[in-house]
file work36.pdb (PDB, C-alpha atoms)
ATOM      1  CA  MET A 253      43.919   7.232 -37.623
ATOM      2  CA  ASP A 254      45.210  10.086 -39.719
ATOM      3  CA  ILE A 255      46.297  13.363 -38.198
ATOM      4  CA  ILE A 256      45.091  16.119 -40.500
ATOM      5  CA  PRO A 257      45.578  19.888 -40.545
ATOM      6  CA  TYR A 258      42.867  21.824 -38.707
ATOM      7  CA  LYS A 259      42.091  23.718 -41.917
ATOM      8  CA  LYS A 260      40.964  20.420 -43.531
ATOM      9  CA  LEU A 261      37.962  20.231 -41.190
ATOM     10  CA  PRO A 262      34.590  20.969 -42.766
ATOM     11  CA  GLU A 263      33.666  24.656 -42.466
ATOM     12  CA  LYS A 264      30.725  23.829 -40.194
ATOM     13  CA  ALA A 265      33.051  22.062 -37.706
ATOM     14  CA  LYS A 266      35.542  24.936 -37.695
ATOM     15  CA  ASN A 267      32.730  27.439 -37.115
ATOM     16  CA  PHE A 268      31.435  25.338 -34.200
ATOM     17  CA  ILE A 269      34.865  25.257 -32.535
ATOM     18  CA  GLU A 270      35.557  28.929 -33.152
ATOM     19  CA  THR A 271      32.124  29.907 -31.793
ATOM     20  CA  TYR A 272      31.885  27.690 -28.703
ATOM     21  CA  PHE A 273      35.427  26.523 -27.917
ATOM     22  CA  ASN A 274      37.537  29.521 -28.904
ATOM     23  CA  ASP A 275      39.226  29.518 -25.475
ATOM     24  CA  TYR A 276      40.474  25.963 -26.027
ATOM     25  CA  TYR A 277      43.833  25.171 -27.613
ATOM     26  CA  VAL A 278      43.529  22.668 -30.485
ATOM     27  CA  PHE A 279      46.150  19.996 -29.861
ATOM     28  CA  LYS A 280      45.423  17.861 -32.928
ATOM     29  CA  THR A 281      42.795  17.090 -35.517
ATOM     30  CA  VAL A 282      42.187  13.489 -36.519
ATOM     31  CA  PHE A 283      40.211  11.729 -39.215
ATOM     32  CA  ILE A 284      39.248   8.063 -38.978
ATOM     33  CA  SER A 285      35.774   7.660 -40.443
ATOM     34  CA  SER A 286      34.728  10.961 -38.887
ATOM     35  CA  TYR A 287      36.536  14.010 -37.531
ATOM     36  CA  SER A 288      37.867  14.465 -34.002
ATOM     37  CA  VAL A 289      39.340  17.636 -32.618
ATOM     38  CA  ILE A 290      41.408  17.033 -29.506
ATOM     39  CA  PHE A 291      42.181  19.937 -27.227
ATOM     40  CA  LYS A 292      45.131  20.434 -24.914
ATOM     41  CA  GLY A 293      44.139  18.671 -21.689
ATOM     42  CA  GLY A 294      42.346  15.821 -23.475
ATOM     43  CA  SER A 295      38.835  17.117 -24.099
ATOM     44  CA  SER A 296      37.546  16.478 -27.605
ATOM     45  CA  ILE A 297      34.695  17.053 -30.013
ATOM     46  CA  ASN A 298      33.638  14.577 -32.673
ATOM     47  CA  PHE A 299      32.032  15.589 -35.941
ATOM     48  CA  ASN A 300      30.404  13.628 -38.740
ATOM     49  CA  LEU A 301      31.495  13.977 -42.356
ATOM     50  CA  LYS A 302      29.216  17.012 -42.818
ATOM     51  CA  GLY A 303      30.920  18.789 -39.919
ATOM     52  CA  GLU A 304      27.974  18.410 -37.522
ATOM     53  CA  TRP A 305      28.952  17.728 -33.919
ATOM     54  CA  THR A 306      28.136  14.269 -32.595
ATOM     55  CA  SER A 307      29.786  14.389 -29.167
ATOM     56  CA  ILE A 308      31.615  16.629 -26.738
ATOM     57  CA  ILE A 309      33.868  14.558 -24.517
ATOM     58  CA  GLY A 310      35.523  15.959 -21.415
ATOM     59  CA  ASN A 311      37.774  12.897 -20.868
ATOM     60  CA  GLY A 312      37.626  13.531 -17.127
ATOM     61  CA  ASN A 313      37.425  17.302 -17.563
ATOM     62  CA  GLU A 314      34.288  19.305 -16.886
ATOM     63  CA  ILE A 315      32.495  20.761 -19.888
ATOM     64  CA  SER A 316      31.869  24.364 -18.942
ATOM     65  CA  PHE A 317      28.190  24.995 -18.311
ATOM     66  CA  SER A 318      28.535  28.391 -19.993
ATOM     67  CA  ILE A 319      29.305  26.509 -23.244
ATOM     68  CA  ILE A 320      26.247  24.299 -22.745
ATOM     69  CA  GLU A 321      24.090  27.374 -22.113
ATOM     70  CA  LYS A 322      25.371  29.020 -25.311
ATOM     71  CA  LEU A 323      24.543  25.841 -27.267
ATOM     72  CA  VAL A 324      21.010  26.011 -25.832
ATOM     73  CA  GLU A 325      20.733  29.734 -26.541
ATOM     74  CA  ASP A 326      21.656  29.083 -30.193
ATOM     75  CA  ASN A 327      19.157  26.169 -30.431
ATOM     76  CA  ILE A 328      21.885  23.573 -30.909
ATOM     77  CA  ILE A 329      20.767  21.670 -27.805
ATOM     78  CA  GLU A 330      17.078  21.796 -26.926
ATOM     79  CA  LYS A 331      16.350  23.954 -23.875
ATOM     80  CA  GLU A 332      14.039  21.271 -22.467
ATOM     81  CA  VAL A 333      17.052  18.971 -22.065
ATOM     82  CA  ILE A 334      18.980  21.453 -19.951
ATOM     83  CA  ASN A 335      15.886  22.569 -18.031
ATOM     84  CA  THR A 336      15.325  18.957 -16.939
ATOM     85  CA  ILE A 337      18.948  18.634 -15.838
ATOM     86  CA  LYS A 338      18.701  21.855 -13.809
ATOM     87  CA  GLU A 339      15.466  20.612 -12.189
ATOM     88  CA  LYS A 340      16.706  17.095 -11.340
ATOM     89  CA  TYR A 341      20.270  17.867 -10.222
ATOM     90  CA  ASP A 342      21.260  20.527  -7.693
ATOM     91  CA  ASN A 343      25.004  20.755  -8.101
ATOM     92  CA  PHE A 344      26.044  19.088 -11.297
ATOM     93  CA  THR A 345      29.034  18.817 -13.539
ATOM     94  CA  ILE A 346      28.737  17.710 -17.142
ATOM     95  CA  TYR A 347      31.574  15.554 -18.463
ATOM     96  CA  ARG A 348      30.200  14.258 -21.756
ATOM     97  CA  VAL A 349      27.371  14.979 -24.203
ATOM     98  CA  ILE A 350      26.670  12.519 -27.004
ATOM     99  CA  LYS A 351      24.047  13.532 -29.525
ATOM    100  CA  LYS A 352      21.924  10.709 -30.892
ATOM    101  CA  LYS A 353      18.798  10.743 -33.001
ATOM    102  CA  ASN A 354      16.129  12.553 -30.913
ATOM    103  CA  LYS A 355      18.035  12.065 -27.640
ATOM    104  CA  TYR A 356      21.266  12.720 -25.786
ATOM    105  CA  GLU A 357      23.481  10.631 -23.571
ATOM    106  CA  ILE A 358      24.909  12.949 -20.942
ATOM    107  CA  GLU A 359      27.404  12.122 -18.221
ATOM    108  CA  ILE A 360      26.579  14.146 -15.112
ATOM    109  CA  ASN A 361      28.217  13.620 -11.707
ATOM    110  CA  ASN A 362      29.250  10.018 -12.545
ATOM    111  CA  ASN A 363      25.746   9.192 -13.855
ATOM    112  CA  ASN A 364      24.961   8.508 -17.476
ATOM    113  CA  ILE A 365      21.516   9.712 -18.343
ATOM    114  CA  ILE A 366      19.680   9.323 -21.590
ATOM    115  CA  ILE A 367      17.293  12.182 -22.165
ATOM    116  CA  ASP A 368      15.057  12.844 -25.145
ATOM    117  CA  ILE A 369      14.777  16.186 -26.918
ATOM    118  CA  LYS A 370      11.592  16.971 -24.979
ATOM    119  CA  GLY A 371      13.479  16.695 -21.679
ATOM    120  CA  SER A 372      12.189  13.313 -20.523
ATOM    121  CA  ILE A 373      14.780  11.121 -18.807
ATOM    122  CA  LEU A 374      14.628   7.746 -20.542
ATOM    123  CA  LYS A 375      17.349   6.009 -18.566
ATOM    124  CA  ASN A 376      19.615   6.798 -15.644
ATOM    125  CA  LYS A 377      22.609   4.446 -15.408
TER     126      LYS A 377
END

call {"tool": "encode", "arguments": {"input": "work36.pdb", "output": "structure tokens"}}
result
Amino acid sequence: MDIIPYKKLPEKAKNFIETYFNDYYVFKTVFISSYSVIFKGGSSINFNLKGEWTSIIGNGNEISFSIIEKLVEDNIIEKEVINTIKEKYDNFTIYRVIKKKNKYEIEINNNNIIIDIKGSILKNK
């Protein structure tokens, strides 16, 4: 694990953080085989080598729904995914979003759900 300067992140990753997580304080930036930005309080975002986000991890902290809504508004997360979550869960808190090919693994209220990009729940663990 190498701690790297924030400015060494790919431009796409920096733009993502500055657009959606500008209220968060960057504690450290790490490179292993991909990039991780760790915020004060323990939340983190992981990026691939191209600077595309692969996961948003709350590490016990809630991921603000206003951030999720902005990601949907900007077509970064498919609206069908969030619409399904709103329909299936009354009061929910999102703690983790992992983007996979054509699906997401989302931790909501101590449940891990796998949901495809069309909004179908594939698995509820």

call {"tool": "closest_residue", "arguments": {"input": "work36.pdb", "among": "A:Ser295, A:Thr336, A:Thr345, A:Asn313", "to": "Asp368 (chain A)", "atoms": "all atoms listed in the file"}}
result
A:Thr336

call {"tool": "atom_distance", "arguments": {"input": "work36.pdb", "atom1": "CA of Glu359 (chain A)", "atom2": "CA of Lys338 (chain A)"}}
result
13.8 Å

call {"tool": "resolve_selection", "arguments": {"input": "work36.pdb", "expression": "the PyMOL selection byres ((chain A and resi 256) around 12)", "output": "list in words"}}
result
Met253, Asp254, Ile255, Pro257, Tyr258, Lys259, Lys260, Leu261, Pro262, Phe279, Lys280, Thr281, Val282, Phe283, Ile284, Ser286, Tyr287, Ser288, Val289 and Ile290 of chain A

call {"tool": "resolve_selection", "arguments": {"input": "work36.pdb", "expression": "the PyMOL selection byres ((chain A and resi 314) around 7)", "output": "list in words"}}
result
Gly310, Gly312, Asn313, Ile315, Ser316, Thr345, Ile346 and Tyr347 of chain A

call {"tool": "resolve_selection", "arguments": {"input": "work36.pdb", "expression": "the PyMOL selection byres ((chain A and resi 272) around 9)", "output": "PyMOL selection string"}}
result
chain A and resi 267-271+273-275+319-320+322-323

call {"tool": "closest_residue", "arguments": {"input": "work36.pdb", "among": "A:Ile367, A:Leu374, A:Val278, A:Ala265", "to": "Glu330 (chain A)", "atoms": "all atoms listed in the file"}}
result
A:Ile367

call {"tool": "closest_residue", "arguments": {"input": "work36.pdb", "among": "A:Asn343, A:Asn335, A:Ser307, A:Asn354", "to": "Gly371 (chain A)", "atoms": "all atoms listed in the file"}}
result
A:Asn335

call {"tool": "atom_distance", "arguments": {"input": "work36.pdb", "atom1": "CA of Lys331 (chain A)", "atom2": "CA of Ile308 (chain A)"}}
result
17.2 Å

call {"tool": "atom_distance", "arguments": {"input": "work36.pdb", "atom1": "CA of Gly303 (chain A)", "atom2": "CA of Glu263 (chain A)"}}
result
7.0 Å

call {"tool": "residues_around", "arguments": {"input": "work36.pdb", "residues": "Lys377 (chain A)", "least_positions_apart": "4", "cutoff": "9 Å", "atoms": "only C-alpha atoms", "output": "PyMOL selection string"}}
result
chain A and resi 363-366

call {"tool": "closest_residue", "arguments": {"input": "work36.pdb", "among": "A:Tyr276, A:Tyr356, A:Phe317, A:Trp305", "to": "Phe291 (chain A)", "atoms": "only C-alpha atoms"}}
result
A:Tyr276
